[in-house]
Amino acid sequence: MGDEKVKNDALQIIGMFQLLPRLVVFDLDYTLWPFYCECRSKREMPSLYPQAKGILYALKEKGIDMAIASRSPTSDIAKTFIDKLSLKPMFVAQEIFSSWTHKTDHFQRIHTRTGIPFKLHAFF
């Protein structure tokens with residue numbers, strides 16, 4: 001399924017809602033890509049789930065900010081993969097670090113960076 005078709009399908013679905021989040025926060029492992037970063041090498045070329053890029057493009061087109069909250073123990077690999085996939089400009093914040101707080105610190109940092117109230121966030 002091509003990115004453009006997925007984007008158009010996502011835009012159609014998004015258009016059905018009157019109230020949208022101002023920020024969508026994504027995890028990485030088994031959310032945007034089908035693997036754990038710690039099981040990969042920086043030398044590899046990663047791939048996203050087939051629909052991921054089209055959905056990201058749709059959110060961007062609708063003016064919905066996006067961020068990353070990942071507890072990956074190999075943040076260097078995750079950041080390398082984001083760069084290799086040319087995704088970095090898509091996100092207003094990238095909080096990628098190992099933590100025992102169930103992403104509490106990640107979300108607080110994203111909130112501080114963006115100023116967007118938590119009630120206007122959606123998390124995947």
# chains A, B, ... in the order shown; residues from 1 in each chain; ligands from 1
>>> residues_around(residues="Ile82 in chain A", least_positions_apart="5", cutoff="12 Å", atoms="only C-alpha atoms", output="ChimeraX atom specification")
/A:28-29,32-33,37,42,45-48,53,68,75-77,87-91,94,96
>>> select_by_dssp(residues="range 22-82 of chain A", states="strand (DSSP E)", output="ChimeraX atom specification")
/A:23-26,65-70
>>> closest_residue(among="A:Leu56, A:Leu23, A:Met66, A:Val92", to="Pro117 in chain A", atoms="only C-alpha atoms")
A:Leu23
>>> residues_around(residues="Glu95 in chain A", least_positions_apart="2", cutoff="10 Å", atoms="only C-alpha atoms", output="PDB file with all heavy atoms, in the first residue's frame")
ATOM      1  N   ASP A  27       5.376   5.784  20.270  1.00  0.00           N
ATOM      2  CA  ASP A  27       6.478   4.932  20.683  1.00  0.00           C
ATOM      3  C   ASP A  27       7.153   4.492  19.383  1.00  0.00           C
ATOM      4  O   ASP A  27       6.627   4.733  18.295  1.00  0.00           O
ATOM      5  CB  ASP A  27       5.930   3.733  21.468  1.00  0.00           C
ATOM      6  CG  ASP A  27       7.008   2.978  22.231  1.00  0.00           C
ATOM      7  OD1 ASP A  27       8.205   3.251  22.023  1.00  0.00           O
ATOM      8  OD2 ASP A  27       6.639   2.102  23.026  1.00  0.00           O
ATOM      9  N   ALA A  67       5.417  13.735  18.218  1.00  0.00           N
ATOM     10  CA  ALA A  67       6.597  13.558  19.058  1.00  0.00           C
ATOM     11  C   ALA A  67       6.859  12.068  19.239  1.00  0.00           C
ATOM     12  O   ALA A  67       6.008  11.241  18.920  1.00  0.00           O
ATOM     13  CB  ALA A  67       6.395  14.235  20.417  1.00  0.00           C
ATOM     14  N   ILE A  68       8.032  11.771  19.772  1.00  0.00           N
ATOM     15  CA  ILE A  68       8.419  10.386  20.070  1.00  0.00           C
ATOM     16  C   ILE A  68       8.679  10.272  21.563  1.00  0.00           C
ATOM     17  O   ILE A  68       9.357  11.117  22.149  1.00  0.00           O
ATOM     18  CB  ILE A  68       9.684   9.982  19.296  1.00  0.00           C
ATOM     19  CG1 ILE A  68       9.416   9.970  17.804  1.00  0.00           C
ATOM     20  CG2 ILE A  68      10.196   8.621  19.760  1.00  0.00           C
ATOM     21  CD1 ILE A  68      10.664   9.805  16.960  1.00  0.00           C
ATOM     22  N   ALA A  69       8.153   9.198  22.168  1.00  0.00           N
ATOM     23  CA  ALA A  69       8.452   8.845  23.554  1.00  0.00           C
ATOM     24  C   ALA A  69       8.836   7.374  23.554  1.00  0.00           C
ATOM     25  O   ALA A  69       7.988   6.500  23.372  1.00  0.00           O
ATOM     26  CB  ALA A  69       7.248   9.085  24.457  1.00  0.00           C
ATOM     27  N   SER A  70      10.132   7.118  23.725  1.00  0.00           N
ATOM     28  CA  SER A  70      10.620   5.743  23.678  1.00  0.00           C
ATOM     29  C   SER A  70      11.543   5.467  24.862  1.00  0.00           C
ATOM     30  O   SER A  70      12.410   6.287  25.175  1.00  0.00           O
ATOM     31  CB  SER A  70      11.382   5.501  22.370  1.00  0.00           C
ATOM     32  OG  SER A  70      11.989   4.233  22.373  1.00  0.00           O
ATOM     33  N   ARG A  71      11.357   4.304  25.470  1.00  0.00           N
ATOM     34  CA  ARG A  71      12.229   3.881  26.571  1.00  0.00           C
ATOM     35  C   ARG A  71      13.319   2.941  26.078  1.00  0.00           C
ATOM     36  O   ARG A  71      13.860   2.156  26.833  1.00  0.00           O
ATOM     37  CB  ARG A  71      11.412   3.194  27.664  1.00  0.00           C
ATOM     38  CG  ARG A  71      10.436   4.123  28.331  1.00  0.00           C
ATOM     39  CD  ARG A  71       9.758   3.529  29.536  1.00  0.00           C
ATOM     40  NE  ARG A  71       9.215   2.198  29.287  1.00  0.00           N
ATOM     41  CZ  ARG A  71       9.098   1.251  30.208  1.00  0.00           C
ATOM     42  NH1 ARG A  71       9.474   1.485  31.447  1.00  0.00           N
ATOM     43  NH2 ARG A  71       8.583   0.089  29.911  1.00  0.00           N
ATOM     44  N   SER A  72      13.673   3.036  24.824  1.00  0.00           N
ATOM     45  CA  SER A  72      14.674   2.155  24.244  1.00  0.00           C
ATOM     46  C   SER A  72      15.987   2.234  25.021  1.00  0.00           C
ATOM     47  O   SER A  72      16.491   3.327  25.283  1.00  0.00           O
ATOM     48  CB  SER A  72      14.938   2.535  22.785  1.00  0.00           C
ATOM     49  OG  SER A  72      16.005   1.779  22.272  1.00  0.00           O
ATOM     50  N   SER A  75      19.233   4.148  22.670  1.00  0.00           N
ATOM     51  CA  SER A  75      18.755   5.382  22.042  1.00  0.00           C
ATOM     52  C   SER A  75      19.613   5.772  20.846  1.00  0.00           C
ATOM     53  O   SER A  75      19.102   6.357  19.887  1.00  0.00           O
ATOM     54  CB  SER A  75      18.704   6.522  23.055  1.00  0.00           C
ATOM     55  OG  SER A  75      19.991   6.796  23.560  1.00  0.00           O
ATOM     56  N   ALA A  93       9.399  16.907  19.054  1.00  0.00           N
ATOM     57  CA  ALA A  93      10.179  16.475  20.214  1.00  0.00           C
ATOM     58  C   ALA A  93      10.495  14.991  20.057  1.00  0.00           C
ATOM     59  O   ALA A  93       9.669  14.228  19.551  1.00  0.00           O
ATOM     60  CB  ALA A  93       9.407  16.714  21.509  1.00  0.00           C
ATOM     61  N   PHE A  97      15.072   7.623  25.696  1.00  0.00           N
ATOM     62  CA  PHE A  97      16.037   7.246  26.727  1.00  0.00           C
ATOM     63  C   PHE A  97      15.427   6.157  27.599  1.00  0.00           C
ATOM     64  O   PHE A  97      14.209   6.077  27.767  1.00  0.00           O
ATOM     65  CB  PHE A  97      16.454   8.450  27.573  1.00  0.00           C
ATOM     66  CG  PHE A  97      15.316   9.186  28.241  1.00  0.00           C
ATOM     67  CD1 PHE A  97      14.879   8.827  29.503  1.00  0.00           C
ATOM     68  CD2 PHE A  97      14.686  10.230  27.587  1.00  0.00           C
ATOM     69  CE1 PHE A  97      13.829   9.499  30.110  1.00  0.00           C
ATOM     70  CE2 PHE A  97      13.629  10.918  28.182  1.00  0.00           C
ATOM     71  CZ  PHE A  97      13.206  10.555  29.448  1.00  0.00           C
ATOM     72  N   SER A  98      16.293   5.323  28.155  1.00  0.00           N
ATOM     73  CA  SER A  98      15.853   4.240  29.021  1.00  0.00           C
ATOM     74  C   SER A  98      15.338   4.820  30.332  1.00  0.00           C
ATOM     75  O   SER A  98      15.884   5.795  30.843  1.00  0.00           O
ATOM     76  CB  SER A  98      17.029   3.295  29.288  1.00  0.00           C
ATOM     77  OG  SER A  98      16.596   2.179  29.996  1.00  0.00           O
ATOM     78  N   LYS A 103       7.364   6.029  31.014  1.00  0.00           N
ATOM     79  CA  LYS A 103       7.320   7.191  30.120  1.00  0.00           C
ATOM     80  C   LYS A 103       6.840   8.479  30.792  1.00  0.00           C
ATOM     81  O   LYS A 103       6.634   9.482  30.112  1.00  0.00           O
ATOM     82  CB  LYS A 103       6.503   6.890  28.868  1.00  0.00           C
ATOM     83  CG  LYS A 103       7.145   5.824  28.013  1.00  0.00           C
ATOM     84  CD  LYS A 103       6.596   5.829  26.620  1.00  0.00           C
ATOM     85  CE  LYS A 103       7.395   4.866  25.782  1.00  0.00           C
ATOM     86  NZ  LYS A 103       6.788   3.611  25.520  1.00  0.00           N
ATOM     87  N   ASP A 105       8.557  10.577  32.609  1.00  0.00           N
ATOM     88  CA  ASP A 105       9.562  11.608  32.334  1.00  0.00           C
ATOM     89  C   ASP A 105       9.527  12.044  30.873  1.00  0.00           C
ATOM     90  O   ASP A 105       9.683  13.225  30.558  1.00  0.00           O
ATOM     91  CB  ASP A 105      10.971  11.115  32.676  1.00  0.00           C
ATOM     92  CG  ASP A 105      11.179  10.917  34.165  1.00  0.00           C
ATOM     93  OD1 ASP A 105      10.435  11.511  34.963  1.00  0.00           O
ATOM     94  OD2 ASP A 105      12.104  10.158  34.527  1.00  0.00           O
ATOM     95  N   HIS A 106       9.313  11.097  29.994  1.00  0.00           N
ATOM     96  CA  HIS A 106       9.249  11.408  28.563  1.00  0.00           C
ATOM     97  C   HIS A 106       8.128  12.415  28.289  1.00  0.00           C
ATOM     98  O   HIS A 106       8.325  13.425  27.609  1.00  0.00           O
ATOM     99  CB  HIS A 106       8.992  10.139  27.741  1.00  0.00           C
ATOM    100  CG  HIS A 106      10.063   9.109  27.846  1.00  0.00           C
ATOM    101  ND1 HIS A 106      10.228   8.329  28.974  1.00  0.00           N
ATOM    102  CD2 HIS A 106      11.008   8.710  26.967  1.00  0.00           C
ATOM    103  CE1 HIS A 106      11.231   7.496  28.777  1.00  0.00           C
ATOM    104  NE2 HIS A 106      11.734   7.702  27.560  1.00  0.00           N
ATOM    105  N   PHE A 107       6.944  12.105  28.818  1.00  0.00           N
ATOM    106  CA  PHE A 107       5.800  12.974  28.569  1.00  0.00           C
ATOM    107  C   PHE A 107       5.981  14.346  29.213  1.00  0.00           C
ATOM    108  O   PHE A 107       5.580  15.356  28.634  1.00  0.00           O
ATOM    109  CB  PHE A 107       4.499  12.326  29.053  1.00  0.00           C
ATOM    110  CG  PHE A 107       4.017  11.252  28.132  1.00  0.00           C
ATOM    111  CD1 PHE A 107       4.061   9.925  28.506  1.00  0.00           C
ATOM    112  CD2 PHE A 107       3.543  11.569  26.869  1.00  0.00           C
ATOM    113  CE1 PHE A 107       3.634   8.927  27.654  1.00  0.00           C
ATOM    114  CE2 PHE A 107       3.120  10.581  26.000  1.00  0.00           C
ATOM    115  CZ  PHE A 107       3.164   9.256  26.399  1.00  0.00           C
ATOM    116  N   GLN A 108       6.573  14.398  30.387  1.00  0.00           N
ATOM    117  CA  GLN A 108       6.810  15.686  31.039  1.00  0.00           C
ATOM    118  C   GLN A 108       7.747  16.542  30.199  1.00  0.00           C
ATOM    119  O   GLN A 108       7.520  17.736  30.007  1.00  0.00           O
ATOM    120  CB  GLN A 108       7.379  15.486  32.445  1.00  0.00           C
ATOM    121  CG  GLN A 108       7.455  16.774  33.238  1.00  0.00           C
ATOM    122  CD  GLN A 108       6.101  17.448  33.402  1.00  0.00           C
ATOM    123  OE1 GLN A 108       5.148  16.846  33.866  1.00  0.00           O
ATOM    124  NE2 GLN A 108       6.004  18.712  33.002  1.00  0.00           N
ATOM    125  N   ARG A 109       8.791  15.936  29.664  1.00  0.00           N
ATOM    126  CA  ARG A 109       9.739  16.678  28.819  1.00  0.00           C
ATOM    127  C   ARG A 109       9.073  17.155  27.526  1.00  0.00           C
ATOM    128  O   ARG A 109       9.331  18.270  27.069  1.00  0.00           O
ATOM    129  CB  ARG A 109      10.952  15.808  28.499  1.00  0.00           C
ATOM    130  CG  ARG A 109      11.849  15.575  29.687  1.00  0.00           C
ATOM    131  CD  ARG A 109      13.035  14.729  29.293  1.00  0.00           C
ATOM    132  NE  ARG A 109      13.845  14.387  30.446  1.00  0.00           N
ATOM    133  CZ  ARG A 109      15.062  13.881  30.358  1.00  0.00           C
ATOM    134  NH1 ARG A 109      15.601  13.640  29.178  1.00  0.00           N
ATOM    135  NH2 ARG A 109      15.738  13.591  31.448  1.00  0.00           N
ATOM    136  N   ILE A 110       8.242  16.302  26.939  1.00  0.00           N
ATOM    137  CA  ILE A 110       7.530  16.689  25.717  1.00  0.00           C
ATOM    138  C   ILE A 110       6.596  17.864  26.014  1.00  0.00           C
ATOM    139  O   ILE A 110       6.539  18.839  25.265  1.00  0.00           O
ATOM    140  CB  ILE A 110       6.765  15.494  25.112  1.00  0.00           C
ATOM    141  CG1 ILE A 110       7.770  14.480  24.536  1.00  0.00           C
ATOM    142  CG2 ILE A 110       5.777  15.949  24.055  1.00  0.00           C
ATOM    143  CD1 ILE A 110       7.161  13.133  24.186  1.00  0.00           C
TER     144      ILE A 110
END
>>> residues_around(residues="Ile64 in chain A", least_positions_apart="6", cutoff="8 Å", atoms="only C-alpha atoms", output="JSON, numbers by chain")
{"A": [21, 22, 23, 24]}
>>> closest_residue(among="A:Glu44, A:Ala52, A:Thr31, A:Thr101", to="Lys84 in chain A", atoms="only C-alpha atoms")
A:Glu44
>>> closest_residue(among="A:Trp100, A:Phe123, A:Phe81, A:Phe17", to="Arg40 in chain A", atoms="only C-alpha atoms")
A:Phe81
>>> atom_distance(atom1="CA of Gly54 in chain A", atom2="CA of His111 in chain A")
25.2 Å
>>> select_by_dssp(residues="chain A", states="alpha helix (DSSP H)", output="ChimeraX atom specification")
/A:3-14,52-61,75-84,104-114
>>> closest_residue(among="A:Val25, A:Ala58, A:Cys39, A:Ile116", to="Gln12 in chain A", atoms="only C-alpha atoms")
A:Ala58
>>> atom_distance(atom1="CA of Glu38 in chain A", atom2="CA of Pro73 in chain A")
6.8 Å
>>> closest_residue(among="A:Gly63, A:Gln18, A:Ser41, A:Arg113", to="Lys79 in chain A", atoms="only C-alpha atoms")
A:Ser41
>>> atom_distance(atom1="CA of Ile55 in chain A", atom2="CA of Ala10 in chain A")
6.0 Å
>>> closest_residue(among="A:Arg43, A:Ser99, A:Leu59, A:Tyr30", to="Asp9 in chain A", atoms="only C-alpha atoms")
A:Leu59
